[in-house]
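What's in run.tsv: TSV, C-alpha atoms
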chain	number	residue	atom	x	y	z
R	673	MET	CA	1.61	-20.61	6.58
R	674	ASN	CA	4.67	-22.71	7.34
R	675	ASN	CA	6.32	-20.71	10.06
R	676	LYS	CA	5.61	-18.30	12.85
R	677	ARG	CA	7.80	-15.55	11.42
R	678	ASP	CA	5.93	-15.48	8.09
R	679	SER	CA	2.55	-15.56	9.75
R	680	ILE	CA	3.36	-12.63	12.08
R	681	LEU	CA	4.82	-10.61	9.20
R	682	ASN	CA	1.76	-11.44	7.08
R	683	ARG	CA	-0.55	-10.14	9.81
R	684	LEU	CA	1.54	-7.00	10.34
R	685	THR	CA	1.58	-6.25	6.60
R	686	MET	CA	-2.22	-6.46	6.49
R	687	LEU	CA	-2.74	-4.24	9.54
R	688	ASP	CA	-0.16	-1.68	8.40
R	689	PHE	CA	-1.77	-1.52	4.98
R	690	MET	CA	-5.19	-0.85	6.50
R	691	ALA	CA	-3.57	1.93	8.52
R	692	VAL	CA	-2.02	3.44	5.35
R	693	ASP	CA	-5.32	3.52	3.48
R	694	LEU	CA	-7.37	4.84	6.41
R	695	HIS	CA	-4.68	7.45	7.03
R	696	LEU	CA	-5.03	8.78	3.47
R	697	TYR	CA	-8.81	8.91	3.91
R	698	LEU	CA	-8.47	10.84	7.17
R	699	ASN	CA	-6.16	13.40	5.53
R	700	THR	CA	-9.14	14.61	3.51
R	701	HIS	CA	-11.83	13.72	6.10
R	702	PRO	CA	-10.17	14.94	9.30
R	703	ASN	CA	-13.44	15.09	11.25
R	704	ASP	CA	-14.78	11.60	10.53
R	705	LYS	CA	-14.97	10.22	14.07
R	706	GLU	CA	-16.08	6.76	13.04
R	707	VAL	CA	-13.01	6.27	10.84
R	708	ILE	CA	-10.66	7.87	13.39
R	709	GLU	CA	-11.87	5.24	15.84
R	710	LYS	CA	-11.20	2.41	13.37
R	711	TYR	CA	-7.80	3.85	12.54
R	712	ASN	CA	-6.84	4.00	16.21
R	713	GLU	CA	-7.99	0.41	16.77
R	714	ILE	CA	-5.84	-0.82	13.90
R	715	ILE	CA	-2.80	1.18	15.02
R	716	LYS	CA	-3.11	-0.34	18.48
R	717	GLU	CA	-3.34	-3.86	17.14
R	718	ALA	CA	-0.46	-3.33	14.69
R	719	GLU	CA	1.69	-2.05	17.55
R	720	GLU	CA	1.21	-5.32	19.42
R	721	VAL	CA	2.04	-7.41	16.34
R	722	ARG	CA	5.08	-5.21	15.60
R	723	TYR	CA	6.32	-5.76	19.16
R	724	GLU	CA	5.85	-9.52	18.76
R	725	TYR	CA	7.83	-9.55	15.48
R	726	GLU	CA	10.70	-7.46	16.81
R	727	LYS	CA	10.94	-9.48	20.04
R	728	ASN	CA	11.14	-12.79	18.20
R	729	PHE	CA	12.72	-12.09	14.83
R	730	ALA	CA	14.26	-8.83	13.70
R	731	PRO	CA	14.22	-5.05	14.17
R	732	LEU	CA	11.77	-3.34	11.82
R	733	CYS	CA	12.64	0.34	11.90
R	734	SER	CA	15.90	2.16	11.31
R	735	PHE	CA	16.89	4.17	14.42
R	736	ARG	CA	13.63	3.34	16.17
R	737	SER	CA	14.03	-0.34	17.05
R	738	ALA	CA	16.51	-1.48	19.72
R	739	SER	CA	19.25	-3.91	18.68
R	740	SER	CA	20.12	-7.29	20.13
R	741	GLU	CA	22.96	-6.96	22.66
R	742	HIS	CA	26.05	-8.51	21.11
R	743	HIS	CA	25.49	-8.07	17.42
R	744	PHE	CA	23.86	-5.21	15.56
R	745	ASN	CA	21.15	-7.35	14.03
R	746	TRP	CA	19.72	-4.57	11.83
R	747	ILE	CA	22.21	-5.63	9.14
R	748	ASN	CA	21.10	-9.26	9.12
R	749	ASN	CA	19.67	-10.93	6.03
R	750	PRO	CA	17.08	-11.29	4.65
R	751	TRP	CA	16.30	-7.82	3.30
R	752	PRO	CA	12.77	-7.03	2.06
R	753	TRP	CA	13.59	-7.15	-1.66
R	754	SER	CA	14.80	-10.74	-1.51
R	755	ARG	CA	12.59	-13.74	-2.24
R	756	LYS	CA	13.58	-15.24	1.05
R	757	PHE	CA	12.19	-12.32	3.05
R	758	ASN	CA	8.74	-12.64	1.53
R	759	TYR	CA	5.82	-15.04	1.85
R	760	TYR	CA	2.45	-15.76	0.25
R	761	ILE	CA	-0.50	-13.87	1.68
R	762	GLU	CA	-2.72	-15.99	3.89
R	763	GLY	CA	-5.54	-15.57	6.37
R	764	GLU	CA	-9.31	-15.53	6.62
R	765	GLU	CA	-11.26	-13.78	3.88
I	626	MET	CA	12.78	12.95	8.00
I	627	TRP	CA	11.99	9.38	7.19
I	628	VAL	CA	12.13	6.11	9.07
I	629	TYR	CA	12.81	3.00	6.98
I	630	GLU	CA	10.65	0.01	7.73
I	631	LYS	CA	12.34	-3.29	6.95
I	632	LYS	CA	9.45	-4.89	5.05
I	633	LEU	CA	7.54	-4.38	1.79
I	634	GLU	CA	4.10	-2.77	1.61
I	635	PHE	CA	2.94	-5.88	-0.27
I	636	PRO	CA	5.00	-9.11	-0.47
I	637	VAL	CA	6.97	-9.91	-3.65
I	638	LYS	CA	8.01	-13.56	-4.06
I	639	ILE	CA	8.60	-14.56	-7.68
I	640	LYS	CA	9.82	-18.06	-8.57
I	641	LYS	CA	10.04	-17.87	-12.36
I	642	THR	CA	12.84	-15.96	-14.12
I	643	ASN	CA	11.63	-13.67	-16.93
I	644	PRO	CA	14.11	-10.98	-18.03
I	645	ALA	CA	11.87	-9.77	-20.89
I	646	LEU	CA	9.12	-8.94	-18.41
I	647	ALA	CA	11.67	-7.43	-16.01
I	648	LYS	CA	12.69	-4.93	-18.70
I	649	CYS	CA	9.05	-3.88	-19.21
I	650	ILE	CA	8.27	-3.55	-15.50
I	651	LEU	CA	11.44	-1.45	-15.00
I	652	THR	CA	9.51	1.41	-16.63
I	653	GLN	CA	7.52	1.76	-13.39
I	654	TYR	CA	10.86	2.22	-11.59
I	655	GLY	CA	12.40	5.00	-13.67
I	656	GLY	CA	10.05	5.59	-16.62
I	657	PRO	CA	7.82	8.59	-17.48
I	658	ASP	CA	4.84	7.41	-15.40
I	659	GLY	CA	6.84	5.46	-12.84
I	660	GLU	CA	6.98	5.48	-9.06
I	661	LEU	CA	10.19	7.52	-8.78
I	662	ALA	CA	8.69	10.36	-10.82
I	663	ALA	CA	5.49	10.12	-8.76
I	664	SER	CA	7.32	10.28	-5.45
I	665	LEU	CA	9.55	13.23	-6.43
I	666	ARG	CA	6.58	15.07	-7.93
I	667	TYR	CA	4.45	14.91	-4.78
I	668	LEU	CA	7.28	15.38	-2.30
I	669	SER	CA	8.41	18.50	-4.21
I	670	GLN	CA	4.95	19.97	-4.72
I	671	ARG	CA	4.04	19.65	-1.03
I	672	PHE	CA	6.32	22.59	-0.12
I	673	THR	CA	4.10	25.11	-1.91
I	674	THR	CA	0.58	23.78	-1.56
I	675	VAL	CA	-1.94	25.59	0.64
I	676	THR	CA	-4.46	23.58	2.67
I	677	PRO	CA	-3.57	21.22	5.52
I	678	GLU	CA	-5.47	18.47	3.67
I	679	ALA	CA	-3.40	18.92	0.50
I	680	LYS	CA	-0.10	19.11	2.41
I	681	ALA	CA	-0.84	15.87	4.24
I	682	THR	CA	-2.06	14.15	1.08
I	683	LEU	CA	1.02	15.08	-0.99
I	684	ASN	CA	3.37	14.21	1.87
I	685	ASP	CA	1.82	10.80	2.56
I	686	ILE	CA	1.20	9.70	-1.03
I	687	GLY	CA	4.74	10.84	-1.95
I	688	THR	CA	5.97	8.63	0.87
I	689	GLU	CA	3.83	5.66	-0.18
I	690	GLU	CA	5.24	5.94	-3.72
I	691	LEU	CA	8.71	5.25	-2.28
I	692	ALA	CA	7.34	1.96	-0.92
I	693	HIS	CA	6.00	1.24	-4.41
I	694	LEU	CA	9.41	2.03	-5.92
I	695	GLU	CA	10.88	-0.57	-3.59
I	696	MET	CA	8.28	-3.15	-4.66
I	697	ILE	CA	9.00	-2.52	-8.35
I	698	GLY	CA	12.76	-2.81	-7.78
I	699	SER	CA	12.13	-6.11	-5.97
I	700	ILE	CA	10.01	-7.45	-8.83
I	701	VAL	CA	12.61	-6.50	-11.48
I	702	MET	CA	15.46	-7.98	-9.43
I	703	GLN	CA	13.65	-11.25	-8.71
I	704	LEU	CA	12.63	-11.65	-12.38
I	705	SER	CA	16.19	-11.16	-13.63
I	706	GLU	CA	18.66	-12.28	-10.94
I	707	ASP	CA	18.85	-15.94	-12.01
I	708	ALA	CA	18.86	-15.33	-15.77
I	709	ASP	CA	21.59	-17.14	-17.71
I	710	MET	CA	23.34	-15.73	-20.80
I	711	GLN	CA	21.00	-17.61	-23.10
I	712	GLU	CA	17.90	-16.07	-21.51
I	713	ILE	CA	19.50	-12.64	-21.49
I	714	LYS	CA	20.24	-12.90	-25.23
I	715	ASN	CA	17.00	-14.55	-26.33
I	716	GLN	CA	14.68	-12.30	-24.35
I	717	GLY	CA	15.99	-8.93	-25.49
I	718	PHE	CA	17.60	-8.17	-22.13
I	719	ASP	CA	21.05	-7.90	-23.75
I	720	SER	CA	20.79	-4.17	-24.54
I	721	TYR	CA	20.06	-3.44	-20.87
I	722	TYR	CA	22.69	-5.94	-19.73
I	723	VAL	CA	25.59	-4.23	-21.51
I	724	ASP	CA	24.88	-0.94	-19.74
I	725	HIS	CA	23.79	-2.15	-16.29
I	726	GLY	CA	24.44	-5.88	-15.94
I	727	LEU	CA	21.79	-7.17	-13.54
I	728	GLY	CA	21.76	-3.88	-11.64
I	729	ILE	CA	18.51	-1.99	-11.07
I	730	TYR	CA	18.81	1.34	-12.88
I	731	PRO	CA	16.07	3.98	-13.12
I	732	ALA	CA	15.19	3.96	-16.81
I	733	SER	CA	12.13	3.43	-18.98
I	734	ALA	CA	11.30	0.14	-20.73
I	735	SER	CA	12.89	1.50	-23.88
I	736	GLY	CA	16.11	2.37	-21.99
I	737	VAL	CA	15.73	6.15	-21.57
I	738	PRO	CA	17.37	7.12	-18.26
I	739	PHE	CA	15.21	8.76	-15.60
I	740	THR	CA	14.85	12.53	-15.89
I	741	ALA	CA	13.18	15.17	-13.71
I	742	ALA	CA	11.56	16.38	-16.95
I	743	TYR	CA	8.93	13.67	-16.27
I	744	LEU	CA	7.47	15.82	-13.53
I	745	GLN	CA	6.49	19.39	-12.78
I	746	SER	CA	6.30	21.51	-9.67
I	747	LYS	CA	4.55	24.63	-10.87
I	748	GLY	CA	4.09	26.61	-7.66
I	749	ASP	CA	0.34	26.74	-8.33
I	750	PRO	CA	-1.58	24.34	-6.06
I	751	ILE	CA	-4.47	23.86	-8.52
I	752	THR	CA	-2.17	23.18	-11.48
I	753	ASP	CA	-0.07	20.76	-9.43
I	754	LEU	CA	-3.08	18.72	-8.27
I	755	TYR	CA	-4.44	18.43	-11.81
I	756	GLU	CA	-1.04	17.09	-12.85
I	757	ASP	CA	-1.11	14.63	-9.96
I	758	MET	CA	-4.53	13.29	-10.93
I	759	ALA	CA	-3.36	12.84	-14.53
I	760	ALA	CA	-0.19	11.13	-13.28
I	761	GLU	CA	-2.26	8.60	-11.32
I	762	GLN	CA	-4.29	7.80	-14.45
I	763	LYS	CA	-1.16	7.38	-16.57
I	764	ALA	CA	0.35	5.02	-14.02
I	765	ARG	CA	-2.92	3.06	-13.88
I	766	SER	CA	-2.85	2.63	-17.68
I	767	THR	CA	0.77	1.47	-17.50
I	768	TYR	CA	-0.10	-1.16	-14.89
I	769	GLU	CA	-2.92	-2.39	-17.12
I	770	TYR	CA	-0.58	-2.75	-20.09
I	771	LEU	CA	1.87	-4.60	-17.86
I	772	LEU	CA	-0.92	-6.90	-16.65
I	773	ASN	CA	-1.78	-7.63	-20.30
I	774	LEU	CA	1.82	-8.85	-20.71
I	775	THR	CA	1.85	-10.98	-17.53
I	776	ASP	CA	0.63	-14.54	-17.00
I	777	ASP	CA	2.57	-15.26	-13.81
I	778	PRO	CA	0.33	-14.74	-10.75
I	779	ASP	CA	3.43	-14.08	-8.59
I	780	VAL	CA	3.96	-10.95	-10.69
I	781	ALA	CA	0.32	-10.07	-11.40
I	782	GLU	CA	-0.76	-9.89	-7.73
I	783	PRO	CA	1.63	-7.08	-6.73
I	784	LEU	CA	0.91	-5.29	-10.05
I	785	LYS	CA	-2.85	-5.42	-9.38
I	786	PHE	CA	-2.24	-4.06	-5.91
I	787	LEU	CA	-0.17	-1.17	-7.29
I	788	ARG	CA	-2.82	-0.43	-9.94
I	789	GLU	CA	-5.55	-0.18	-7.32
I	790	ARG	CA	-3.42	2.23	-5.28
I	791	GLU	CA	-3.44	4.60	-8.30
I	792	ILE	CA	-7.25	4.66	-8.15
I	793	VAL	CA	-7.28	5.41	-4.44
I	794	HIS	CA	-4.63	8.13	-4.83
I	795	PHE	CA	-6.65	9.76	-7.63
I	796	GLN	CA	-9.62	9.99	-5.27
I	797	ARG	CA	-7.50	11.56	-2.52
I	798	PHE	CA	-5.95	14.13	-4.87
I	799	GLY	CA	-9.46	14.93	-6.10
I	800	GLU	CA	-10.59	15.57	-2.54
I	801	ALA	CA	-7.46	17.62	-1.81
I	802	LEU	CA	-8.26	19.67	-4.93
I	803	ARG	CA	-11.73	20.41	-3.54
I	804	THR	CA	-10.20	21.79	-0.34
I	805	VAL	CA	-7.82	23.96	-2.37
I	806	GLN	CA	-10.63	25.26	-4.58
I	807	ASP	CA	-12.71	26.13	-1.51
I	808	TYR	CA	-9.74	27.80	0.14
I	809	LEU	CA	-8.94	29.94	-2.88
I	810	ASP	CA	-12.62	30.88	-3.27
I	811	SER	CA	-12.95	31.92	0.36
I	812	GLU	CA	-12.95	35.50	1.54
I	813	ARG	CA	-9.57	35.11	3.12
I	814	CYS	CA	-8.06	35.46	-0.35
I	815	PHE	CA	-7.00	38.73	-1.82
I	816	VAL	CA	-9.30	40.04	-4.48
I	817	ILE	CA	-7.27	41.44	-7.35
I	818	PRO	CA	-8.66	44.96	-8.04
I	819	LYS	CA	-9.78	45.80	-11.53
I	820	PRO	CA	-6.82	47.37	-13.31
I	821	ASN	CA	-7.25	50.99	-14.30
I	822	PHE	CA	-6.99	50.38	-18.03
I	823	MET	CA	-10.34	48.63	-17.84
I	824	ASN	CA	-12.09	51.80	-16.66
I	825	ASN	CA	-13.99	53.67	-19.34
I	826	ASP	CA	-12.90	57.18	-18.45
I	827	LYS	CA	-10.02	58.54	-20.41
I	828	ASN	CA	-7.80	59.11	-17.42
I	829	CYS	CA	-6.42	55.62	-17.04
I	830	GLY	CA	-4.68	56.43	-13.76
I	831	CYS	CA	-1.17	56.00	-15.04
I	832	LYS	CA	1.54	58.59	-14.48
I	833	LYS	CA	1.20	59.98	-18.00
I	834	CYS	CA	-2.52	60.77	-17.70
I	835	LYS	CA	-2.09	62.43	-14.34
Y	1129	MET	CA	-25.36	5.31	-10.92
Y	1130	TYR	CA	-22.00	3.98	-9.79
Y	1131	SER	CA	-22.44	1.89	-7.26
Y	1132	ALA	CA	-23.15	0.86	-4.16
Y	1133	LYS	CA	-22.63	-2.62	-5.58
Y	1134	ASN	CA	-19.56	-3.26	-3.48
Y	1135	CYS	CA	-21.06	-1.73	-0.37
Y	1136	PRO	CA	-23.51	-3.28	2.06
Y	1137	SER	CA	-27.14	-2.13	2.40
Y	1138	ASN	CA	-27.02	0.11	-0.67
Y	1139	CYS	CA	-24.85	2.69	1.00
Y	1140	ILE	CA	-23.71	5.22	-1.61
Y	1141	PRO	CA	-20.02	5.80	-0.91
Y	1142	TYR	CA	-19.81	9.39	-2.16
Y	1143	GLN	CA	-21.46	12.77	-1.67
Y	1144	THR	CA	-24.39	13.38	-3.96
Y	1145	PRO	CA	-25.13	15.66	-5.68
Y	1146	ILE	CA	-22.02	17.79	-6.13
Y	1147	GLU	CA	-22.82	21.47	-6.40
Y	1148	PRO	CA	-20.37	23.14	-8.77
Y	1149	SER	CA	-19.44	26.65	-7.77
Y	1150	SER	CA	-17.67	27.61	-10.98
Y	1151	LEU	CA	-17.18	26.71	-14.61
Y	1152	SER	CA	-13.88	25.41	-15.96
Y	1153	ARG	CA	-13.13	23.21	-13.01
Y	1154	ALA	CA	-13.02	19.50	-12.30
Y	1155	TYR	CA	-14.80	18.07	-9.28
Y	1156	VAL	CA	-14.28	14.68	-7.68
Y	1157	PRO	CA	-17.03	13.78	-5.19
Y	1158	PHE	CA	-15.90	13.46	-1.59
Y	1159	GLN	CA	-15.95	9.87	-0.44
Y	1160	ILE	CA	-18.46	9.02	2.26
Y	1161	TYR	CA	-17.59	6.19	4.61
Y	1162	CYS	CA	-19.77	3.08	4.35
Y	1163	SER	CA	-17.74	0.08	5.44
Y	1164	ILE	CA	-14.30	-1.47	5.23
Y	1165	TYR	CA	-12.97	-4.87	4.17
Y	1166	GLY	CA	-11.35	-7.32	6.56
Y	1167	GLU	CA	-7.58	-7.64	6.89
Y	1168	LYS	CA	-6.82	-10.09	4.11
Y	1169	GLN	CA	-9.32	-8.72	1.62
Y	1170	SER	CA	-8.01	-5.18	2.14
Y	1171	LEU	CA	-4.45	-6.15	1.22
Y	1172	LEU	CA	-5.48	-8.35	-1.70
Y	1173	SER	CA	-7.83	-5.66	-3.07
Y	1174	GLY	CA	-5.32	-2.84	-2.66
Y	1175	THR	CA	-7.81	-0.77	-0.64
Y	1176	VAL	CA	-9.83	-1.07	2.56
Y	1177	PHE	CA	-12.81	0.65	0.90
Y	1178	PRO	CA	-15.30	-1.49	-1.08
Y	1179	GLY	CA	-16.55	1.63	-2.88
Y	1180	LEU	CA	-13.10	2.37	-4.31
Y	1181	TYR	CA	-12.31	-1.18	-5.43
Y	1182	LYS	CA	-12.32	-1.19	-9.25
Y	1183	PRO	CA	-10.50	-4.32	-10.45
Y	1184	TYR	CA	-9.04	-4.57	-13.94
Y	1185	VAL	CA	-10.43	-7.03	-16.45
Y	1186	LYS	CA	-7.59	-8.28	-18.62
Y	1187	LYS	CA	-7.75	-7.69	-22.36
Y	1188	ASN	CA	-8.06	-10.55	-24.85
Y	1189	GLU	CA	-4.67	-11.96	-25.78
Y	1190	ASN	CA	-5.15	-11.41	-29.50
Y	1191	CYS	CA	-6.14	-7.83	-29.08
Y	1192	GLY	CA	-3.91	-5.00	-27.96
Y	1193	ASN	CA	-6.41	-2.25	-27.34
Y	1194	CYS	CA	-9.86	-3.19	-28.66
Y	1195	GLY	CA	-11.40	-3.95	-25.29
Y	1196	LYS	CA	-12.59	-7.45	-26.18

Show how you would write the structure in this file as structure tokens.
Amino acid sequence: MNNKRDSILNRLTMLDFMAVDLHLYLNTHPNDKEVIEKYNEIIKEAEEVRYEYEKNFAPLCSFRSASSEHHFNWINNPWPWSRKFNYYIEGEE
Amino acid sequence: MWVYEKKLEFPVKIKKTNPALAKCILTQYGGPDGELAASLRYLSQRFTTVTPEAKATLNDIGTEELAHLEMIGSIVMQLSEDADMQEIKNQGFDSYYVDHGLGIYPASASGVPFTAAYLQSKGDPITDLYEDMAAEQKARSTYEYLLNLTDDPDVAEPLKFLREREIVHFQRFGEALRTVQDYLDSERCFVIPKPNFMNNDKNCGCKKCK
Amino acid sequence: MYSAKNCPSNCIPYQTPIEPSSLSRAYVPFQIYCSIYGEKQSLLSGTVFPGLYKPYVKKNENCGNCGK
């Protein structure tokens, strides 16, 4: 992966996706302690990566993330639908 | 209430322009088995479903479908944004172009504009979940037909991802259905008494007989 | 029997058997947790659950719907 921004976003996308899929499982298996534990682990890790991304690059969430001081950087390019925003998936199998 | 997250669920980065393919994939944006119909269907049905499991499932899958809508819009835009007039004419994109230019408009591959007639919200939790399971299968089929038309791995990877999500969602709706069936079978439910006309005696209980 | 093929140590990723309680009803077996994929494989597969991963095999180019 050629830059730090892409590699952090890549990692966050993976962790957030695992959270999405485990979340759907837990909706219909609300008493599965083993999976709740995994879900919580992933949420915790994703939170750290999200913090890292927002600190170094850009706010992620509308009306949840703080802005940079002098310019409201929420509006900054690139937006997620553009080629430039995206990256090729990498990481260990 | 929703919070927008400024990233895609799965990255979309397409190098090669292909307006013909863009027009086909648009059907998953605003077509009969597309992501917009899916999202509206589940987010509408959630108001009148019964078990906590089914409410959460409809709410969260309806939300995930919005992320899929965004991915499809991104794919269509990236496939068409750099098309020149020659490509637009030669690849059958001209009929779309005269109505929408290079804008992303919710319509099917054959140009039919999106309509809420693609979905139902029946007020019956069992009926709704059967529809949802069928909808996931129809979307899966559509993704398979689209994959048959695609050679570009930049396009195929996100399409494969979206297809697999249909399979997972089917499973979750199936499980939600089980909770609804159990709930409606349970003793908490009202038992509808046998109507009087089914009794054998001649006095049927109506005002006239009395 | 569908499979445990994607799961480690022959774990069967669904409840078995299902006991129907009525006619005229569809039943999907509840999933049972066996294992999950790692980070990259989850995203690339479109699910964290090996038991739910059912990839598509593309149809032959000369054949619209014959399955060859």

*Up to 9 Å from chain Y, what residues of chain R turn up? Count only C-alpha atoms and give them as a ChimeraX atom specification.*
/R:683,685-687,689-690,693-694,697,700-701,704,706-707,761-765

For chain I against chain Y, which residues fall within 12 Å using all atoms listed in the file, given as a PDB file with C-alpha atoms, in the frame of the given file?
ATOM      1  CA  GLU I 634       4.100  -2.770   1.610  1.00  0.00           C
ATOM      2  CA  PHE I 635       2.940  -5.880  -0.270  1.00  0.00           C
ATOM      3  CA  PRO I 636       5.000  -9.110  -0.470  1.00  0.00           C
ATOM      4  CA  ILE I 751      -4.470  23.860  -8.520  1.00  0.00           C
ATOM      5  CA  THR I 752      -2.170  23.180 -11.480  1.00  0.00           C
ATOM      6  CA  LEU I 754      -3.080  18.720  -8.270  1.00  0.00           C
ATOM      7  CA  TYR I 755      -4.440  18.430 -11.810  1.00  0.00           C
ATOM      8  CA  MET I 758      -4.530  13.290 -10.930  1.00  0.00           C
ATOM      9  CA  ALA I 759      -3.360  12.840 -14.530  1.00  0.00           C
ATOM     10  CA  ARG I 765      -2.920   3.060 -13.880  1.00  0.00           C
ATOM     11  CA  SER I 766      -2.850   2.630 -17.680  1.00  0.00           C
ATOM     12  CA  TYR I 768      -0.100  -1.160 -14.890  1.00  0.00           C
ATOM     13  CA  GLU I 769      -2.920  -2.390 -17.120  1.00  0.00           C
ATOM     14  CA  TYR I 770      -0.580  -2.750 -20.090  1.00  0.00           C
ATOM     15  CA  LEU I 771       1.870  -4.600 -17.860  1.00  0.00           C
ATOM     16  CA  LEU I 772      -0.920  -6.900 -16.650  1.00  0.00           C
ATOM     17  CA  ASN I 773      -1.780  -7.630 -20.300  1.00  0.00           C
ATOM     18  CA  LEU I 774       1.820  -8.850 -20.710  1.00  0.00           C
ATOM     19  CA  THR I 775       1.850 -10.980 -17.530  1.00  0.00           C
ATOM     20  CA  ASP I 776       0.630 -14.540 -17.000  1.00  0.00           C
ATOM     21  CA  ALA I 781       0.320 -10.070 -11.400  1.00  0.00           C
ATOM     22  CA  GLU I 782      -0.760  -9.890  -7.730  1.00  0.00           C
ATOM     23  CA  PRO I 783       1.630  -7.080  -6.730  1.00  0.00           C
ATOM     24  CA  LEU I 784       0.910  -5.290 -10.050  1.00  0.00           C
ATOM     25  CA  LYS I 785      -2.850  -5.420  -9.380  1.00  0.00           C
ATOM     26  CA  PHE I 786      -2.240  -4.060  -5.910  1.00  0.00           C
ATOM     27  CA  LEU I 787      -0.170  -1.170  -7.290  1.00  0.00           C
ATOM     28  CA  ARG I 788      -2.820  -0.430  -9.940  1.00  0.00           C
ATOM     29  CA  GLU I 789      -5.550  -0.180  -7.320  1.00  0.00           C
ATOM     30  CA  ARG I 790      -3.420   2.230  -5.280  1.00  0.00           C
ATOM     31  CA  GLU I 791      -3.440   4.600  -8.300  1.00  0.00           C
ATOM     32  CA  ILE I 792      -7.250   4.660  -8.150  1.00  0.00           C
ATOM     33  CA  VAL I 793      -7.280   5.410  -4.440  1.00  0.00           C
ATOM     34  CA  HIS I 794      -4.630   8.130  -4.830  1.00  0.00           C
ATOM     35  CA  PHE I 795      -6.650   9.760  -7.630  1.00  0.00           C
ATOM     36  CA  GLN I 796      -9.620   9.990  -5.270  1.00  0.00           C
ATOM     37  CA  ARG I 797      -7.500  11.560  -2.520  1.00  0.00           C
ATOM     38  CA  PHE I 798      -5.950  14.130  -4.870  1.00  0.00           C
ATOM     39  CA  GLY I 799      -9.460  14.930  -6.100  1.00  0.00           C
ATOM     40  CA  GLU I 800     -10.590  15.570  -2.540  1.00  0.00           C
ATOM     41  CA  ALA I 801      -7.460  17.620  -1.810  1.00  0.00           C
ATOM     42  CA  LEU I 802      -8.260  19.670  -4.930  1.00  0.00           C
ATOM     43  CA  ARG I 803     -11.730  20.410  -3.540  1.00  0.00           C
ATOM     44  CA  THR I 804     -10.200  21.790  -0.340  1.00  0.00           C
ATOM     45  CA  VAL I 805      -7.820  23.960  -2.370  1.00  0.00           C
ATOM     46  CA  GLN I 806     -10.630  25.260  -4.580  1.00  0.00           C
ATOM     47  CA  ASP I 807     -12.710  26.130  -1.510  1.00  0.00           C
ATOM     48  CA  ASP I 810     -12.620  30.880  -3.270  1.00  0.00           C
ATOM     49  CA  SER I 811     -12.950  31.920   0.360  1.00  0.00           C
TER      50      SER I 811
END

_Distance-based interface of chain R with chain I, 10 Å, counting all atoms listed in the file, as a ChimeraX atom specification_ = /R:681-682,684-686,688-689,692-693,695-702,730-737,746,750-761

All file atoms of region 680-695 of chain R boxed axis-aligned, 8 Å per side, centre plus edges, as lines of an AutoDock Vina configuration file:
center_x = -1.3
center_y = -2.6
center_z = 7.8
size_x = 28.2
size_y = 36.1
size_z = 24.6

*Two-atom distance - CA of Val780 (chain I), CA of Gln653 (chain I) (Å)*: 13.5 Å

*What is the CA of Gly656 (chain I) to CA of Val675 (chain I) distance in Å?*
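Computing it gives 29.0 Å between the two atoms.
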
*Rounded to one decimal place, report the CA of Asn1138 (chain Y)-CA of Glu709 (chain R) distance in Å.*
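We find that CA of Asn1138 (chain Y) and CA of Glu709 (chain R) lie 23.0 Å from each other.
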